[in-house]
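Undergrad: Sharing start-v2.pdb (PDB, C-alpha atoms) below.
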ATOM      1  CA  MET A1359     -10.596  27.553  -7.541
ATOM      2  CA  GLU A1360      -9.997  28.083 -11.232
ATOM      3  CA  TYR A1361     -10.812  25.178 -13.538
ATOM      4  CA  ALA A1362      -9.035  24.848 -16.874
ATOM      5  CA  PRO A1363      -8.382  22.111 -19.453
ATOM      6  CA  VAL A1364      -5.510  19.843 -18.462
ATOM      7  CA  THR A1365      -2.011  20.322 -19.806
ATOM      8  CA  HIS A1366      -0.145  17.035 -19.513
ATOM      9  CA  THR A1367       3.620  16.557 -19.410
ATOM     10  CA  SER A1368       5.703  13.441 -18.855
ATOM     11  CA  THR A1369       9.341  13.605 -17.757
ATOM     12  CA  ASP A1370      12.014  11.243 -16.452
ATOM     13  CA  ARG A1371      13.386  12.035 -13.000
ATOM     14  CA  ARG A1372      16.820  10.694 -12.090
ATOM     15  CA  LEU A1373      16.868   9.093  -8.645
ATOM     16  CA  GLY A1374      20.382   7.704  -8.393
ATOM     17  CA  ARG A1375      23.158   5.676  -9.953
ATOM     18  CA  LEU A1376      23.952   1.965  -9.892
ATOM     19  CA  PRO A1377      27.501   0.584  -9.506
ATOM     20  CA  SER A1378      27.696   0.036 -13.276
ATOM     21  CA  GLY A1379      27.174   3.747 -13.839
ATOM     22  CA  ARG A1380      23.616   3.258 -15.108
ATOM     23  CA  ASP A1381      21.115   5.809 -13.868
ATOM     24  CA  VAL A1382      17.835   4.811 -12.244
ATOM     25  CA  SER A1383      14.957   7.100 -13.201
ATOM     26  CA  VAL A1384      11.196   7.206 -12.803
ATOM     27  CA  THR A1385       8.527   8.620 -15.083
ATOM     28  CA  VAL A1386       6.655  11.577 -13.616
ATOM     29  CA  HIS A1387       3.319  12.697 -15.077
ATOM     30  CA  ARG A1388       2.014  16.195 -14.373
ATOM     31  CA  TYR A1389      -1.573  17.204 -15.068
ATOM     32  CA  ILE A1390      -1.888  20.982 -14.746
ATOM     33  CA  GLY A1391      -5.128  22.972 -14.767
ATOM     34  CA  GLY A1392      -6.075  26.322 -13.246
ATOM     35  CA  ASP A1393      -5.097  27.634  -9.830
ATOM     36  CA  GLY A1394      -5.720  25.146  -7.061
ATOM     37  CA  PRO A1395      -4.222  22.471  -4.812
ATOM     38  CA  THR A1396      -1.579  19.870  -5.630
ATOM     39  CA  VAL A1397      -2.202  16.161  -5.138
ATOM     40  CA  TYR A1398       0.670  13.659  -5.343
ATOM     41  CA  ILE A1399      -0.070  10.016  -6.247
ATOM     42  CA  GLN A1400       2.363   7.121  -6.460
ATOM     43  CA  ALA A1401       2.232   3.350  -6.957
ATOM     44  CA  ALA A1402       4.436   0.241  -7.016
ATOM     45  CA  GLN A1403       6.685   0.854  -4.041
ATOM     46  CA  HIS A1404       6.658  -2.935  -4.006
ATOM     47  CA  GLY A1405       7.397  -4.472  -7.389
ATOM     48  CA  ILE A1406       4.679  -7.139  -7.463
ATOM     49  CA  GLU A1407       1.839  -4.755  -6.588
ATOM     50  CA  LEU A1408       0.404  -4.213 -10.039
ATOM     51  CA  ASN A1409      -3.097  -2.816  -9.629
ATOM     52  CA  GLY A1410      -1.810   0.651  -8.693
ATOM     53  CA  PRO A1411       0.023   1.265 -11.995
ATOM     54  CA  ALA A1412      -2.920  -0.230 -13.895
ATOM     55  CA  ALA A1413      -5.321   2.147 -12.126
ATOM     56  CA  LEU A1414      -3.083   5.133 -12.850
ATOM     57  CA  ARG A1415      -3.005   4.296 -16.566
ATOM     58  CA  ARG A1416      -6.802   4.421 -16.645
ATOM     59  CA  LEU A1417      -6.783   7.605 -14.557
ATOM     60  CA  HIS A1418      -4.448   9.130 -17.147
ATOM     61  CA  ASP A1419      -7.017   8.539 -19.899
ATOM     62  CA  LEU A1420      -9.603  10.374 -17.814
ATOM     63  CA  LEU A1421      -7.457  13.276 -16.648
ATOM     64  CA  ILE A1422      -6.093  14.320 -20.033
ATOM     65  CA  GLU A1423      -9.691  14.954 -21.144
ATOM     66  CA  SER A1424     -10.640  16.766 -17.925
ATOM     67  CA  THR A1425     -10.922  20.288 -16.645
ATOM     68  CA  ILE A1426      -9.210  20.620 -13.263
ATOM     69  CA  ALA A1427      -8.112  23.127 -10.655
ATOM     70  CA  GLY A1428      -4.516  22.788  -9.480
ATOM     71  CA  SER A1429      -2.237  19.941 -10.401
ATOM     72  CA  VAL A1430      -1.941  16.182 -10.057
ATOM     73  CA  ILE A1431       1.552  14.664  -9.905
ATOM     74  CA  VAL A1432       1.701  10.932 -10.641
ATOM     75  CA  VAL A1433       4.583   8.448 -10.388
ATOM     76  CA  PRO A1434       3.160   5.118 -11.637
ATOM     77  CA  VAL A1435       6.187   2.929 -10.807
ATOM     78  CA  VAL A1436       8.172   4.298  -7.856
ATOM     79  CA  ASN A1437      10.400   1.255  -7.384
ATOM     80  CA  GLN A1438      11.799   0.437 -10.822
ATOM     81  CA  LEU A1439      14.337  -2.066  -9.461
ATOM     82  CA  ALA A1440      11.786  -4.220  -7.640
ATOM     83  CA  PHE A1441       9.352  -3.979 -10.552
ATOM     84  CA  ASP A1442      11.932  -5.103 -13.126
ATOM     85  CA  HIS A1443      12.968  -8.021 -10.916
ATOM     86  CA  ARG A1444       9.308  -8.934 -10.305
ATOM     87  CA  SER A1445       9.985  -8.938  -6.572
ATOM     88  CA  TYR A1446       8.183  -7.461  -3.583
ATOM     89  CA  MET A1447      11.230  -5.596  -2.288
ATOM     90  CA  THR A1448      14.332  -4.289  -3.985
ATOM     91  CA  PRO A1449      16.902  -7.090  -4.331
ATOM     92  CA  GLY A1450      19.395  -6.831  -1.489
ATOM     93  CA  GLU A1451      22.302  -6.548  -3.920
ATOM     94  CA  TYR A1452      21.209  -2.976  -4.610
ATOM     95  CA  ASP A1453      20.668  -1.901  -1.008
ATOM     96  CA  VAL A1454      21.562  -4.464   1.624
ATOM     97  CA  MET A1455      20.641  -2.032   4.424
ATOM     98  CA  ASN A1456      17.218  -0.974   3.156
ATOM     99  CA  PRO A1457      15.603  -3.456   0.751
ATOM    100  CA  ASN A1458      12.097  -2.144   1.581
ATOM    101  CA  LEU A1459      11.635   1.316   0.073
ATOM    102  CA  ASN A1460       8.618   1.872   2.305
ATOM    103  CA  ARG A1461      10.807   2.036   5.396
ATOM    104  CA  VAL A1462      13.129   4.908   4.439
ATOM    105  CA  TRP A1463      10.859   7.926   3.819
ATOM    106  CA  PRO A1464      11.495  10.855   3.554
ATOM    107  CA  GLY A1465      14.960   9.620   2.638
ATOM    108  CA  THR A1466      18.323  11.310   2.816
ATOM    109  CA  ALA A1467      20.602  12.498   0.012
ATOM    110  CA  SER A1468      23.681  11.066   1.752
ATOM    111  CA  GLY A1469      22.142   7.709   2.674
ATOM    112  CA  SER A1470      21.966   4.266   1.093
ATOM    113  CA  LEU A1471      20.756   3.844  -2.473
ATOM    114  CA  GLN A1472      17.055   3.669  -1.619
ATOM    115  CA  GLU A1473      17.324   6.489   0.917
ATOM    116  CA  GLN A1474      18.682   8.592  -1.937
ATOM    117  CA  PHE A1475      15.808   7.467  -4.169
ATOM    118  CA  ALA A1476      13.254   8.474  -1.524
ATOM    119  CA  ALA A1477      14.922  11.854  -0.995
ATOM    120  CA  ARG A1478      14.696  12.687  -4.703
ATOM    121  CA  LEU A1479      11.073  11.594  -4.829
ATOM    122  CA  TRP A1480      10.266  13.491  -1.643
ATOM    123  CA  GLU A1481      11.051  16.734  -3.467
ATOM    124  CA  LEU A1482       7.871  16.078  -5.469
ATOM    125  CA  VAL A1483       5.838  15.357  -2.334
ATOM    126  CA  GLU A1484       6.822  18.047   0.154
ATOM    127  CA  ASP A1485       4.729  20.849  -1.353
ATOM    128  CA  ALA A1486       1.641  18.703  -1.997
ATOM    129  CA  ASP A1487      -1.690  19.400  -0.320
ATOM    130  CA  ALA A1488      -2.564  15.695  -0.202
ATOM    131  CA  ALA A1489      -0.841  12.423  -1.049
ATOM    132  CA  VAL A1490      -1.964   8.939  -2.086
ATOM    133  CA  ASP A1491       0.196   5.811  -1.904
ATOM    134  CA  LEU A1492      -1.301   2.905  -3.876
ATOM    135  CA  HIS A1493      -0.488  -0.602  -2.710
ATOM    136  CA  THR A1494      -1.922  -4.043  -3.419
ATOM    137  CA  GLY A1495      -2.466  -6.684  -0.767
ATOM    138  CA  THR A1496      -2.638 -10.434  -1.177
ATOM    139  CA  ALA A1497      -5.846 -12.302  -1.899
ATOM    140  CA  ASP A1498      -6.035 -12.911   1.866
ATOM    141  CA  MET A1499      -6.090  -9.251   2.877
ATOM    142  CA  LEU A1500      -9.149  -7.053   3.201
ATOM    143  CA  GLU A1501      -9.200  -4.303   0.608
ATOM    144  CA  HIS A1502      -8.886  -1.182   2.726
ATOM    145  CA  VAL A1503      -7.545   2.338   2.999
ATOM    146  CA  ARG A1504      -5.266   3.485   5.828
ATOM    147  CA  CYS A1505      -4.731   6.856   7.468
ATOM    148  CA  LEU A1506      -3.564   8.449  10.696
ATOM    149  CA  VAL A1507      -6.230   9.099  13.323
ATOM    150  CA  GLY A1508      -6.457  12.704  14.487
ATOM    151  CA  ASP A1509      -5.929  14.122  11.006
ATOM    152  CA  PRO A1510      -9.490  15.042   9.962
ATOM    153  CA  VAL A1511      -8.498  15.798   6.356
ATOM    154  CA  ALA A1512      -6.769  12.429   5.931
ATOM    155  CA  GLU A1513      -9.690  10.652   7.585
ATOM    156  CA  ARG A1514     -12.094  12.372   5.191
ATOM    157  CA  LEU A1515      -9.941  11.436   2.194
ATOM    158  CA  ALA A1516      -9.935   7.828   3.378
ATOM    159  CA  GLU A1517     -13.705   7.949   3.759
ATOM    160  CA  VAL A1518     -14.379   9.265   0.256
ATOM    161  CA  PHE A1519     -11.893   6.839  -1.305
ATOM    162  CA  GLY A1520     -14.642   4.365  -0.701
ATOM    163  CA  THR A1521     -13.253   0.950   0.275
ATOM    164  CA  SER A1522     -15.475  -1.086   2.589
ATOM    165  CA  TYR A1523     -12.868  -0.940   5.371
ATOM    166  CA  ARG A1524     -10.784   1.896   6.795
ATOM    167  CA  LEU A1525      -7.805   1.029   8.983
ATOM    168  CA  ILE A1526      -6.555   3.816  11.237
ATOM    169  CA  ASP A1527      -3.219   4.152  13.012
ATOM    170  CA  SER A1528      -3.003   6.137  16.233
ATOM    171  CA  SER A1529      -0.540   9.035  16.496
ATOM    172  CA  GLU A1530       1.599   6.859  18.765
ATOM    173  CA  ASP A1531       1.670   4.177  16.068
ATOM    174  CA  ALA A1532       3.248   6.630  13.628
ATOM    175  CA  SER A1533       6.522   6.390  15.550
ATOM    176  CA  ASP A1534       6.260   2.622  16.072
ATOM    177  CA  GLU A1535       9.240   0.795  14.584
ATOM    178  CA  ARG A1536       6.878  -1.390  12.560
ATOM    179  CA  ARG A1537       5.669   1.692  10.673
ATOM    180  CA  ASN A1538       8.681   3.975  10.997
ATOM    181  CA  GLY A1539       9.822   5.247   7.624
ATOM    182  CA  THR A1540       6.602   4.505   5.753
ATOM    183  CA  PHE A1541       5.457   7.012   3.175
ATOM    184  CA  ARG A1542       2.238   7.638   5.088
ATOM    185  CA  ALA A1543       4.030   8.333   8.382
ATOM    186  CA  ALA A1544       6.533  10.673   6.718
ATOM    187  CA  ALA A1545       3.786  12.621   4.957
ATOM    188  CA  SER A1546       1.766  12.943   8.151
ATOM    189  CA  ALA A1547       4.855  14.173  10.024
ATOM    190  CA  ALA A1548       5.310  16.824   7.326
ATOM    191  CA  GLY A1549       1.702  17.979   7.703
ATOM    192  CA  ILE A1550       0.549  16.454   4.405
ATOM    193  CA  PRO A1551      -2.776  14.584   4.614
ATOM    194  CA  ALA A1552      -1.982  11.128   3.256
ATOM    195  CA  ILE A1553      -3.730   7.820   2.708
ATOM    196  CA  THR A1554      -2.474   4.378   1.769
ATOM    197  CA  ALA A1555      -4.865   2.335  -0.366
ATOM    198  CA  GLU A1556      -4.480  -1.447  -0.185
ATOM    199  CA  LEU A1557      -6.232  -2.723  -3.301
ATOM    200  CA  SER A1558      -6.758  -6.462  -3.594
ATOM    201  CA  ASN A1559      -4.755  -9.209  -5.249
ATOM    202  CA  SER A1560      -1.073  -8.530  -5.873
ATOM    203  CA  ARG A1561       0.966 -10.250  -8.635
ATOM    204  CA  ARG A1562      -1.805  -9.929 -11.206
ATOM    205  CA  ILE A1563      -4.096  -7.223 -12.493
ATOM    206  CA  ALA A1564      -7.588  -7.611 -11.046
ATOM    207  CA  GLN A1565     -10.078  -5.451 -12.913
ATOM    208  CA  ASP A1566     -12.354  -4.919  -9.907
ATOM    209  CA  ALA A1567      -9.397  -3.686  -7.852
ATOM    210  CA  VAL A1568      -8.274  -1.395 -10.676
ATOM    211  CA  ALA A1569     -11.790   0.056 -10.950
ATOM    212  CA  ALA A1570     -11.884   0.606  -7.172
ATOM    213  CA  GLY A1571      -8.591   2.478  -7.409
ATOM    214  CA  VAL A1572      -9.736   4.722 -10.263
ATOM    215  CA  ASP A1573     -13.056   5.497  -8.578
ATOM    216  CA  GLY A1574     -11.365   6.135  -5.245
ATOM    217  CA  ILE A1575      -8.813   8.572  -6.675
ATOM    218  CA  GLN A1576     -11.452  10.458  -8.649
ATOM    219  CA  ASN A1577     -13.558  10.799  -5.521
ATOM    220  CA  LEU A1578     -10.530  12.036  -3.570
ATOM    221  CA  LEU A1579      -9.764  14.608  -6.292
ATOM    222  CA  ARG A1580     -13.363  15.827  -6.091
ATOM    223  CA  GLU A1581     -13.075  16.123  -2.314
ATOM    224  CA  ARG A1582      -9.955  18.296  -2.739
ATOM    225  CA  ALA A1583     -11.815  20.335  -5.422
ATOM    226  CA  VAL A1584      -9.249  19.360  -8.080
ATOM    227  CA  LEU A1585     -12.113  17.848 -10.069
ATOM    228  CA  PRO A1586     -15.428  19.702 -10.159
ATOM    229  CA  ALA A1587     -18.548  18.308  -8.489
ATOM    230  CA  ALA A1588     -18.968  16.673  -5.102
ATOM    231  CA  PRO A1589     -17.628  13.217  -4.276
ATOM    232  CA  ALA A1590     -19.920  10.359  -5.236
ATOM    233  CA  PRO A1591     -21.841   8.960  -2.255
ATOM    234  CA  GLN A1592     -20.170   5.952  -0.630
ATOM    235  CA  ALA A1593     -21.455   3.145   1.537
ATOM    236  CA  GLU A1594     -20.549   3.527   5.197
ATOM    237  CA  GLN A1595     -17.081   2.199   5.941
ATOM    238  CA  THR A1596     -16.265  -0.245   8.688
ATOM    239  CA  VAL A1597     -13.561   1.550  10.686
ATOM    240  CA  LEU A1598     -10.894  -0.604  12.328
ATOM    241  CA  ARG A1599      -8.120   0.525  14.656
ATOM    242  CA  ASN A1600      -4.676  -0.894  13.929
ATOM    243  CA  ASP A1601      -3.649  -1.157  17.570
ATOM    244  CA  ALA A1602      -3.388  -4.924  18.110
ATOM    245  CA  GLU A1603      -0.052  -6.688  18.126
ATOM    246  CA  PRO A1604       0.439  -8.616  14.877
ATOM    247  CA  VAL A1605       0.417 -12.388  15.038
ATOM    248  CA  THR A1606       3.945 -13.529  14.196
ATOM    249  CA  ALA A1607       5.847 -16.777  13.873
ATOM    250  CA  SER A1608       7.908 -17.692  16.933
ATOM    251  CA  ALA A1609       9.466 -20.577  14.984
ATOM    252  CA  SER A1610      10.346 -21.256  11.371
ATOM    253  CA  GLY A1611       8.550 -23.962   9.438
ATOM    254  CA  LEU A1612       5.379 -24.622   7.461
ATOM    255  CA  PHE A1613       2.347 -22.641   8.610
ATOM    256  CA  GLU A1614      -1.022 -24.309   8.157
ATOM    257  CA  CYS A1615      -3.875 -21.896   8.770
ATOM    258  CA  ARG A1616      -7.277 -23.069   9.949
ATOM    259  CA  SER A1617      -9.371 -23.620   6.830
ATOM    260  CA  ASP A1618     -12.506 -22.140   8.398
ATOM    261  CA  ILE A1619     -11.008 -18.693   9.105
ATOM    262  CA  ALA A1620     -11.094 -15.908   6.518
ATOM    263  CA  VAL A1621     -10.243 -12.216   6.423
ATOM    264  CA  GLY A1622     -13.133 -10.204   7.769
ATOM    265  CA  ASP A1623     -13.875 -12.756  10.501
ATOM    266  CA  THR A1624     -13.876 -11.736  14.148
ATOM    267  CA  VAL A1625     -11.659 -13.820  16.439
ATOM    268  CA  ASP A1626     -11.230 -13.897  20.203
ATOM    269  CA  ALA A1627      -8.008 -13.344  22.112
ATOM    270  CA  GLY A1628      -6.173 -16.645  22.381
ATOM    271  CA  GLU A1629      -8.232 -18.311  19.648
ATOM    272  CA  LYS A1630      -6.226 -20.794  17.595
ATOM    273  CA  LEU A1631      -5.530 -19.629  14.041
ATOM    274  CA  GLY A1632      -3.252 -22.419  12.882
ATOM    275  CA  THR A1633      -0.050 -24.325  13.519
ATOM    276  CA  VAL A1634       3.595 -24.111  12.449
ATOM    277  CA  TYR A1635       5.156 -27.531  11.774
ATOM    278  CA  ASP A1636       8.641 -28.753  10.978
ATOM    279  CA  PRO A1637       8.062 -29.998   7.398
ATOM    280  CA  SER A1638      10.733 -32.702   7.721
ATOM    281  CA  SER A1639      10.206 -34.154  11.200
ATOM    282  CA  PHE A1640       6.479 -33.236  11.313
ATOM    283  CA  GLU A1641       6.960 -31.862  14.838
ATOM    284  CA  GLN A1642       4.669 -29.059  15.961
ATOM    285  CA  GLN A1643       6.729 -25.882  16.390
ATOM    286  CA  GLN A1644       4.056 -23.351  17.376
ATOM    287  CA  VAL A1645       0.341 -23.110  17.995
ATOM    288  CA  VAL A1646      -0.565 -19.772  16.424
ATOM    289  CA  SER A1647      -3.169 -17.826  18.384
ATOM    290  CA  ALA A1648      -4.887 -14.452  18.080
ATOM    291  CA  THR A1649      -3.211 -11.752  20.159
ATOM    292  CA  GLU A1650      -6.558 -10.194  21.069
ATOM    293  CA  ARG A1651     -10.181  -9.971  20.013
ATOM    294  CA  GLY A1652     -10.676  -8.230  16.694
ATOM    295  CA  VAL A1653     -11.208  -8.476  12.934
ATOM    296  CA  VAL A1654      -8.684 -10.416  10.850
ATOM    297  CA  PHE A1655      -7.591  -8.086   8.032
ATOM    298  CA  SER A1656      -4.654 -10.102   6.687
ATOM    299  CA  LEU A1657      -3.785 -13.769   6.805
ATOM    300  CA  ALA A1658      -0.994 -16.047   5.588
ATOM    301  CA  ARG A1659      -2.042 -19.447   4.263
ATOM    302  CA  GLU A1660      -0.002 -22.624   3.783
ATOM    303  CA  SER A1661       3.182 -20.587   3.875
ATOM    304  CA  VAL A1662       6.809 -21.329   4.490
ATOM    305  CA  VAL A1663       7.539 -18.911   7.325
ATOM    306  CA  VAL A1664      10.556 -17.762   9.288
ATOM    307  CA  THR A1665      10.753 -16.595  12.874
ATOM    308  CA  GLY A1666       9.314 -13.109  13.259
ATOM    309  CA  GLU A1667       7.241 -13.182  10.064
ATOM    310  CA  ARG A1668       3.685 -11.846  10.226
ATOM    311  CA  LEU A1669       1.061 -14.562  10.024
ATOM    312  CA  ALA A1670      -2.057 -12.492  10.633
ATOM    313  CA  GLY A1671      -3.053  -8.887  11.164
ATOM    314  CA  ILE A1672      -5.847  -8.187  13.627
ATOM    315  CA  ALA A1673      -7.586  -4.846  14.077
ATOM    316  CA  THR A1674     -10.065  -3.808  16.741
ATOM    317  CA  GLN A1675     -13.481  -2.434  15.869
ATOM    318  CA  CYS A1676     -13.980   1.281  16.538
TER
END
Let me see the file written as structure tokens.
TA:
Amino acid sequence: MEYAPVTHTSTDRRLGRLPSGRDVSVTVHRYIGGDGPTVYIQAAQHGIELNGPAALRRLHDLLIESTIAGSVIVVPVVNQLAFDHRSYMTPGEYDVMNPNLNRVWPGTASGSLQEQFAARLWELVEDADAAVDLHTGTADMLEHVRCLVGDPVAERLAEVFGTSYRLIDSSEDASDERRNGTFRAAASAAGIPAITAELSNSRRIAQDAVAAGVDGIQNLLRERAVLPAAPAPQAEQTVLRNDAEPVTASASGLFECRSDIAVGDTVDAGEKLGTVYDPSSFEQQQVVSATERGVVFSLARESVVVTGERLAGIATQC
């Protein structure tokens, strides 16, 4: 490795064109040091997930004063359309086929609008030695980092990132339709060690989540020898396997979750989690039960739900 003071550049990268003729572009930051690996980092695939961009702004202040080996490529707001509309997914008017950008990776140049966006972004990713995708969960989701089991480099990157929980997908899960087209699955298929960090509390900037993101990325860059020194010691992670079927709504209505259940709790198979009611007739539509024994890592509360929507995520302890 060769460490050198950072040279920083910021450029706009055109992703595609809207019907009006207006271009959609993203800002790409490059932090270049001496010879070494390349790490790609992105945030805000979903427009309401704000702690990723906030963390990357603080990382910027640190990197421009640093000495590094290799390069760090950062796209703080990947999904400009969702971000500007303050929505989770891209409004369907822009891409009725693929409103969720995190289902179309690595994209295709001849595809729908968001498939084209992903293809242009993928050109930044494909030569990277590691990749980080920053997300933000709801207040009722455990802050965790995700990776593919069987990839020792990705598992190590997830470990040093330092969240209390690590959620692992099996190699079979990578082709599961529920995860097909995610950034993490596409990177793993291309041989790029990748992690997805789920920081806490979407829709608003939470300073503790931002700090966790900055610390986690710095530790990951140390592990890849982009930053000098060894990764800071981390508390032992609780490792969960994402192999349980998600708990979903079999009927539309108003979901009332049990008030005494919280993320991080262990539930038994068949245990009642809540009830879906018809809000007008008050009729019970569904008793919502755990699919199997495990740790609840995400939970919907007092939500208007539609058939097929996820109500809880359960992971089994490794």
Undergrad: May I ask which of the residues A:Ala1488, A:Val1432, A:Ala1627, A:Ile1575 is the closest one to Ala1552 of chain A, counting only C-alpha atoms?
TA: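 With only C-alpha atoms as the atom set, the closest residue is A:Ala1488.
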Undergrad: Quick one: everything within 12 Å of Ser1468 of chain A, counting only C-alpha atoms, minus sequence neighbours fewer than 6 positions away in the same chain. Send it as a PDB file with C-alpha atoms, in the frame of the given file.
TA:
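selection39.pdb written:
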ATOM      1  CA  GLY A1374      20.382   7.704  -8.393  1.00  0.00           C
ATOM      2  CA  GLN A1474      18.682   8.592  -1.937  1.00  0.00           C
ATOM      3  CA  PHE A1475      15.808   7.467  -4.169  1.00  0.00           C
ATOM      4  CA  ALA A1476      13.254   8.474  -1.524  1.00  0.00           C
ATOM      5  CA  ALA A1477      14.922  11.854  -0.995  1.00  0.00           C
ATOM      6  CA  ARG A1478      14.696  12.687  -4.703  1.00  0.00           C
TER       7      ARG A1478
END
Undergrad: Quick one: pull the distance between atom CA of Thr1425 of chain A and atom CA of Val1503 of chain A, Å, one decimal.
TA: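 Interatomic distance, atom CA of Thr1425 of chain A to atom CA of Val1503 of chain A: 26.8 Å.
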Undergrad: I'd like the contact shell of Val1430 of chain A - 10 Å cut-off, only C-alpha atoms, skipping same-chain residues fewer than 5 positions apart - returned as a list in words.
TA: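 In the requested format, the answer is Val1364, His1366, His1387, Arg1388, Tyr1389, Ile1390, Gly1391, Pro1395, Thr1396, Val1397, Tyr1398, Ile1399, Leu1421, Ala1486, Ala1488, Ala1489, Leu1579 and Val1584 of chain A.
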Undergrad: Kindly indicate which residue among A:Phe1613, A:Tyr1361, A:Phe1640, A:Tyr1635 lies nearest to Ile1426 of chain A, using all atoms listed in the file for the distances.
TA: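 Using all atoms listed in the file, Ile1426 of chain A sits closest to A:Tyr1361.
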Undergrad: Could you please determine the separation between atom CA of Val1386 of chain A and atom CA of Glu1484 of chain A in Å, to one decimal place?
TA: 15.2 Å
Undergrad: I'd like the residues picked by the PyMOL selection byres ((chain A and resi 1445) around 10) written out as a list in words, using the chain letters and numbers from the file.
TA: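 Here the PyMOL selection byres ((chain A and resi 1445) around 10) matches His1404, Gly1405, Ile1406, Glu1407, Leu1439, Ala1440, Phe1441, Asp1442, His1443, Arg1444, Tyr1446, Met1447, Thr1448, Pro1449 and Arg1561 of chain A.
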Undergrad: How would you write, as a ChimeraX atom specification, the residues chosen by the PyMOL selection byres ((chain A and resi 1601) around 9) on this structure?
TA: /A:1526-1528,1531,1598-1600,1602-1604,1672-1674
Undergrad: Quick one, how far is atom CA of Val1436 of chain A from atom CA of Ala1402 of chain A?
TA: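 Here the two named atoms are 5.6 Å from each other.
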Undergrad: Leaving out Val1568 of chain A and any residue of its chain fewer than 5 positions from it, which residues lie within 7 Å of it when counting all atoms listed in the file, given as a PyMOL selection string?
TA: chain A and resi 1409+1412-1413
Undergrad: Could you expand the PyMOL selection byres ((chain A and resi 1410) around 10) into the explicit residues it covers here, written as a count of residues only?
TA: 28
Undergrad: Would you pick out the contacts of segment 1593-1597 of chain A at 10 Å or less, using all atoms listed in the file, so that residues sharing its chain but fewer than 4 positions from it are not included, and give the list as a list in words?
TA: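 Everything that qualifies: His1502, Val1503, Arg1504, Ala1516, Glu1517, Val1518, Gly1520, Thr1521, Ser1522, Tyr1523, Arg1524, Leu1525, Ile1526, Ala1673, Thr1674, Gln1675 and Cys1676 of chain A.
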Undergrad: Keeping only C-alpha atoms, write the selected residues to a file as a PDB file, keeping the file's coordinate frame.
TA:
ATOM      1  CA  HIS A1502      -8.886  -1.182   2.726  1.00  0.00           C
ATOM      2  CA  VAL A1503      -7.545   2.338   2.999  1.00  0.00           C
ATOM      3  CA  ARG A1504      -5.266   3.485   5.828  1.00  0.00           C
ATOM      4  CA  ALA A1516      -9.935   7.828   3.378  1.00  0.00           C
ATOM      5  CA  GLU A1517     -13.705   7.949   3.759  1.00  0.00           C
ATOM      6  CA  VAL A1518     -14.379   9.265   0.256  1.00  0.00           C
ATOM      7  CA  GLY A1520     -14.642   4.365  -0.701  1.00  0.00           C
ATOM      8  CA  THR A1521     -13.253   0.950   0.275  1.00  0.00           C
ATOM      9  CA  SER A1522     -15.475  -1.086   2.589  1.00  0.00           C
ATOM     10  CA  TYR A1523     -12.868  -0.940   5.371  1.00  0.00           C
ATOM     11  CA  ARG A1524     -10.784   1.896   6.795  1.00  0.00           C
ATOM     12  CA  LEU A1525      -7.805   1.029   8.983  1.00  0.00           C
ATOM     13  CA  ILE A1526      -6.555   3.816  11.237  1.00  0.00           C
ATOM     14  CA  ALA A1673      -7.586  -4.846  14.077  1.00  0.00           C
ATOM     15  CA  THR A1674     -10.065  -3.808  16.741  1.00  0.00           C
ATOM     16  CA  GLN A1675     -13.481  -2.434  15.869  1.00  0.00           C
ATOM     17  CA  CYS A1676     -13.980   1.281  16.538  1.00  0.00           C
TER      18      CYS A1676
END
Undergrad: Find the residue from A:Val1653, A:Ala1497, A:Leu1420, A:Ile1550 that sits nearest to Val1625 of chain A; use all atoms listed in the file when measuring.
TA: A:Val1653
Undergrad: For segment 1455-1471 of chain A, take all atoms listed in the file, fit an axis-aligned box around them, add 6 Å to each of the six sides, then output centre and edge lengths in Å rounded to one decimal, as lines of an AutoDock Vina configuration file.
TA:
center_x = 16.1
center_y = 4.5
center_z = 1.5
size_x = 27.1
size_y = 28.0
size_z = 19.9
